[in-house]
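What follows is a short report on a single structure.
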Amino acid sequence: MAEPLERMTNLLALLLETKSPLTLQQITGELGGQYPSNAAALRGAFERDKSVLREIGVPIEQEVLGGDQAGQTAYRIDRRRYELTDLELSDDERRALQLAVAAVRSDESWGNEGLLKLGAGGERPSRAVAATVPTFEALPLLREAVASRATVRFPYRDHDRALDPYGLLLRDGYWYVIGYDHQHDQVRTYRVDRIAGVVTVGEANAFVRPSDFDIRAVFPSDPKLLGEAEHDVHRAIVRIDALRAALVASEVGDAAVMCRLPDGSIDVEVPCVNRDAFRSWLLGLTDHAVVVSPSDVRDEIVSWLTALVSAQ
Amino acid sequence: MTTRRGPRPAPERLKRLLVMLPWLMERGEVSITEMAEHFSLTTSEVVADLELASMCGLPPFVDELIDVFIDDGMVFTGVPRVFTRPLRLTAPEGFALLIAGRAAMVLPGADPSGPLGRALDKLAAVLGDDGVVVEFARPPLADDVAAAAEAGERMVITYWTPSRDEAADREITPRAVFADRGHWYVLADDHRTESERSFRIDRILAARPTGAVDPPREVSLPDTDRWFAVDADIERVTLRMPTELTWMIERYPVDSLVADPRPKGAKGTSTSAPPSTSTAVMPVLSEQWLERLLLRLGPGTVVVSPERWSSLAGRAAADVLAAYRSVSLES
C-alpha cells in the first residue's frame, strides 16, 4: 500500500490520461496494490481520495455504464475542464493583481492560492492603502450563480428564499445579494452575512437578467431605506446644532441641507421610512439633533425618550 | 505565510504540488531557495514534495510523472508528461482575485486604465460576467491622507473625539490608510503622545501639510476585531436587549452575545408572549458612547451590570427631551 498522497497523485494522473472512463475495478487494477485489498477498506479509501480531489477543485466526472458493465460507475477527468485557462497576463498585470490581493485584508487565503496558479508568488508586497473585505462561504457560490444565471435557494429569517441573483454588492462593509425573489415577485436585497444556512445553486441559464439592471440604482439609496420601497419615501427635517453641523452636513451631503441658521445650526432632510434605522441615526447624535417635522415622527421620538426616562 | 507549521495536511501538499510541477517544467531549472520563496515553503518542504513527485507515475510505473533531480541546490526537470498546466481556479480563488482587483480599483491612488484594469478584464473573460460591485465610499480627506502616508508627510489634523466631544489639533505622520466595516482609518505616528494611533478619517475635520517628511517605517495594520477585546482594562457592560435590536451593536466589539432562554410556561399560554431578548457583554469605549447606544436601543433594554450605569439612559433621554423643549415644532 502506498502513502495516501502518492496514491491520490497517481489516481489523478491516471484519470487525466485515460481515454475512456474507468471503473473502480479498473482503477485498482491499474494502480496495482496501492489500494487496500479488503473490499470495504478499498471503497472507503477510494471515496476519501475522490473527495479530497474534489475539495481542492479537481473536476472528476462520473457516469453509470451500460452494456456488460451495466450499473457500474466509471470515472475520468476532462483535461480541458481541469486545466487553468491561460489568462496571458503580462508581468505588470500579474504584479498589479498581486498588489491588489495584498491591499485586501481577508480571513481567507483564497487570493494567494489563486495568485500562485497565475504564476505570482513569493513575498507579499506591502501597501500604504488597504481595505478589509469580509468573506463568507456563500459568496463564491453566489458569484458563480450570478455568472451562470442559476437560481439560488437559502434560508433567511426563518424562511426559505428562491432568488434569481442579478449581482453582488459590497457597500459600507457589508455584502448584499440582489435579485428577483420568486415568492415576493419583485427585486429584493438580502444581506449575505444574514443567510442562515446552506446556499443551493440550481441549473445554469435559469433566468435572464434585465439588460438595464444596475445594482447601484436598485439598491436603496440610503441605508435608512433598506428593506423599503423607494417610492413611498417619507422624510423628516432634523435640526443639527452648530457643534455637529459640519460632520452631519458632510455625511448627508449638501443637497440635504435645507437651511443654515445664524447660530451655526442647520436643518437637514433625511429619509425616515425605516423608523428603526432613522431613530438609531438620530439618537446617535444625542441632544445635538432634534426632529423639527413632521409632527408624527417628532412625537414618536419624544415618546421613545419619555419611556426611557420613566423606565428607570 | 506566518502561522502554519507542523506537518502539512495531504490536500494542501497535493494542491501545492499541482501548481509547483507546471511552474517548474516551464523553467527547466531553478534553485531550491527561489522555489521555496515563491511558494512560501521551507527548502526541506520543497525537497520532500519533489521527492514525492518523483515516486509518482502512470501505469505500468516504469516512468515517473516528472524527471526531477536535485544537485547542489538546483532543481532540474526533464520533459513533462502530465500536470503541464496548473489546476483551474476554484470558485473561491476566482472570487477572491476578482474582489481584490475590484476593491483595489476603488481605493485611493488607483489607476483604472493601468495594468490592474487589463488584468481584471482578462480574469472576468475567463470567470464569466460576474455582476459584482465593490464600493469603498470614502470621506473627502481620505485621498490626501493616503497620499501623505505614501510619502511620509507630516500633517496637522483637527480631530474630533466623540468620547470627549471636543475637537483638537494633533500633529501626525500617516503611515497607512485602511477601510474596515464601512469606515476609513489612518494609522499614524502621533507626535504628541509619541505613539502609534489610529484615527477615523471621517472625524478629521481639517488637515494641512507641515512640509516635514519623516523617514519611512514599516507598520502592521491592527486587527480591528481585537482592538478593544485584547484590552482587559477597558470596563465591560452587560446589556439585556430585544433580540430584534441586536443589529445595532454589530459594528462594535462584543465579548459575547447570547439569546436569553424563554421564560418557562410563556409558550402557548398567552397570545402576547414577551419578545425574545439577548444578553450582550461589551467593552465600553466611553461613557458618552454607552449613553448614545442606550438611547438608540430604547426603553426595552436594561443595563444588567454595572449598577452605576443603570440610570444612564434615563438621564441621557432627559437631556435630549430638554433640547426638544427648546426647538419648537415647525408647521
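Letters A, B, ... go to the chains of the C-alpha cells in the order shown; residues in each chain start at 1; ligands are counted from 1 in the same order.
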
Segment 121-158 of chain A: which residues are strand (DSSP E or B) by DSSP, as a PDB file with N, CA and C atoms, in the first residue's frame?
ATOM      1  N   VAL A 129      -2.160  51.540   1.500  1.00  0.00           N
ATOM      2  CA  VAL A 129      -3.615  51.599   1.475  1.00  0.00           C
ATOM      3  C   VAL A 129      -4.169  50.184   1.484  1.00  0.00           C
ATOM      4  N   ALA A 130      -5.119  49.924   2.358  1.00  0.00           N
ATOM      5  CA  ALA A 130      -5.674  48.582   2.450  1.00  0.00           C
ATOM      6  C   ALA A 130      -7.155  48.657   2.782  1.00  0.00           C
ATOM      7  N   ALA A 131      -7.861  47.568   2.522  1.00  0.00           N
ATOM      8  CA  ALA A 131      -9.281  47.526   2.853  1.00  0.00           C
ATOM      9  C   ALA A 131      -9.651  46.120   3.300  1.00  0.00           C
ATOM     10  N   THR A 132     -10.489  46.038   4.299  1.00  0.00           N
ATOM     11  CA  THR A 132     -10.960  44.743   4.765  1.00  0.00           C
ATOM     12  C   THR A 132     -12.176  44.328   3.958  1.00  0.00           C
ATOM     13  N   VAL A 152     -30.799  30.512  -6.902  1.00  0.00           N
ATOM     14  CA  VAL A 152     -30.263  30.012  -5.638  1.00  0.00           C
ATOM     15  C   VAL A 152     -31.380  29.939  -4.600  1.00  0.00           C
ATOM     16  N   ARG A 153     -31.204  29.026  -3.666  1.00  0.00           N
ATOM     17  CA  ARG A 153     -32.134  28.912  -2.539  1.00  0.00           C
ATOM     18  C   ARG A 153     -31.359  28.990  -1.238  1.00  0.00           C
ATOM     19  N   PHE A 154     -31.902  29.735  -0.275  1.00  0.00           N
ATOM     20  CA  PHE A 154     -31.227  29.828   1.023  1.00  0.00           C
ATOM     21  C   PHE A 154     -32.227  30.228   2.096  1.00  0.00           C
ATOM     22  N   PRO A 155     -31.944  29.799   3.345  1.00  0.00           N
ATOM     23  CA  PRO A 155     -32.796  30.214   4.455  1.00  0.00           C
ATOM     24  C   PRO A 155     -32.401  31.609   4.931  1.00  0.00           C
ATOM     25  N   TYR A 156     -33.395  32.432   5.217  1.00  0.00           N
ATOM     26  CA  TYR A 156     -33.155  33.804   5.637  1.00  0.00           C
ATOM     27  C   TYR A 156     -34.293  34.195   6.558  1.00  0.00           C
TER      28      TYR A 156
END

Neighbour list for Gly300 of chain B as a tab-separated table (two decimals) with C-alpha atoms, in the first residue's frame, cut-off 12 Å, only C-alpha atoms, skip fewer than 2 positions in-chain:
chain	number	residue	atom	x	y	z
A	304	TRP	CA	-39.46	56.91	22.97
A	305	LEU	CA	-37.40	59.28	25.15
A	307	ALA	CA	-40.43	55.91	28.02
A	308	LEU	CA	-36.68	55.76	28.59
A	309	VAL	CA	-36.91	58.33	31.39
A	310	SER	CA	-39.75	56.55	33.13
A	311	ALA	CA	-38.20	53.08	32.69
A	312	GLN	CA	-35.50	53.92	35.23
B	239	LEU	CA	-26.96	44.63	28.45
B	240	ARG	CA	-30.22	42.75	28.01
B	241	MET	CA	-31.88	43.91	24.83
B	242	PRO	CA	-34.68	42.91	22.46
B	243	THR	CA	-33.19	40.35	20.06
B	244	GLU	CA	-34.56	42.27	17.08
B	245	LEU	CA	-32.32	45.21	18.00
B	246	THR	CA	-29.03	43.30	18.19
B	274	PRO	CA	-42.77	38.59	25.86
B	275	PRO	CA	-40.45	39.44	22.95
B	276	SER	CA	-37.26	37.42	22.86
B	277	THR	CA	-34.24	39.11	24.43
B	278	SER	CA	-30.49	38.67	24.18
B	294	LEU	CA	-28.65	53.12	25.23
B	295	LEU	CA	-30.63	55.98	23.69
B	296	ARG	CA	-30.71	54.11	20.40
B	297	LEU	CA	-31.61	50.77	21.97
B	298	GLY	CA	-34.51	52.40	23.79
B	302	VAL	CA	-31.73	47.08	30.55
B	303	VAL	CA	-28.21	47.59	31.93
B	313	ALA	CA	-30.17	56.03	29.69

Show me, as a short mmCIF file (atom, residue, chain, number, x, y, z; two decimals) with C-alpha atoms, in the first residue's frame, the residues that have an atom within 10 Å of Leu120 of chain B when counting only C-alpha atoms, minus same-chain residues fewer than 4 positions from it.
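As a result, selection_13.cif now contains:
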data_model
loop_
_atom_site.label_atom_id
_atom_site.label_comp_id
_atom_site.auth_asym_id
_atom_site.auth_seq_id
_atom_site.Cartn_x
_atom_site.Cartn_y
_atom_site.Cartn_z
CA LEU A 89 -1.14 38.09 -18.16
CA GLU A 93 -0.65 42.84 -14.93
CA ALA A 96 -0.93 44.57 -10.27
CA LEU A 97 -3.11 41.63 -9.22
CA LEU B 97 -8.97 37.56 -7.17
CA LEU B 98 -11.90 39.40 -8.73
CA ILE B 99 -12.88 41.03 -5.46
CA ALA B 100 -9.33 42.06 -4.64
CA GLY B 101 -9.00 43.59 -8.08
CA ARG B 102 -12.36 45.35 -7.90
CA MET B 105 -9.72 49.76 -8.36
CA PRO B 115 -2.37 47.12 -15.73
CA LEU B 116 -4.86 46.19 -12.99
CA ALA B 124 -13.58 38.38 -16.00
CA ALA B 125 -13.39 36.96 -19.51
CA VAL B 126 -12.48 33.58 -18.03
#

Can you tell me, as a list in words, what residues are no more than 12 Å from segment 191-196 of chain B when counting only C-alpha atoms, ignoring any on the same chain fewer than 5 positions away?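 Those residues are Arg154, Met155, Val156, Ile157, Ala168, Asp169, Arg170, Glu171, Ile172, Thr173, Pro174, Arg175, Ala176, Val186, Asp214, Arg217, Glu218, Val219, Ser220, Leu221 and Pro222 of chain B.
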
Per DSSP on the backbone, what are the alpha helix (DSSP H) residues of segment 95-318 of chain B, as a PyMOL selection string? chain B and resi 95-105+115-127+142-151+287-297+312-318

Quick check, in Å to one decimal: how far apart do atom CA of Glu83 of chain A and atom CA of Ile60 of chain A lie? 12.4 Å

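Across B:Val254, B:Ala280, B:Val213, B:Ala148, the tightest approach to chain A is made by B:Ala148 when counting only C-alpha atoms.
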
Could you list, as a ChimeraX atom specification, every residue within 9 Å of Asp202 of chain B, counting only C-alpha atoms and ignoring same-chain residues fewer than 3 positions away? /A:247,250-251 /B:138-142,183-185,199,205

Please report the interatomic distance between atom CA of Ala137 of chain B and atom CA of Glu113 of chain A in Å with one decimal.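 Separation of atom CA of Ala137 of chain B and atom CA of Glu113 of chain A: 28.3 Å.
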
Atom CA of Ser37 of chain A to atom CA of Arg79 of chain A, distance in Å rounded to a single decimal: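 Atom CA of Ser37 of chain A sits 29.7 Å away from atom CA of Arg79 of chain A.
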
Set the distance at 9 Å and use only C-alpha atoms: which residues neighbour Ser90 of chain A once local chain neighbours fewer than 4 positions away are removed? I'd like the list as a PyMOL selection string. (chain A and resi 94-95) or (chain B and resi 115+119)
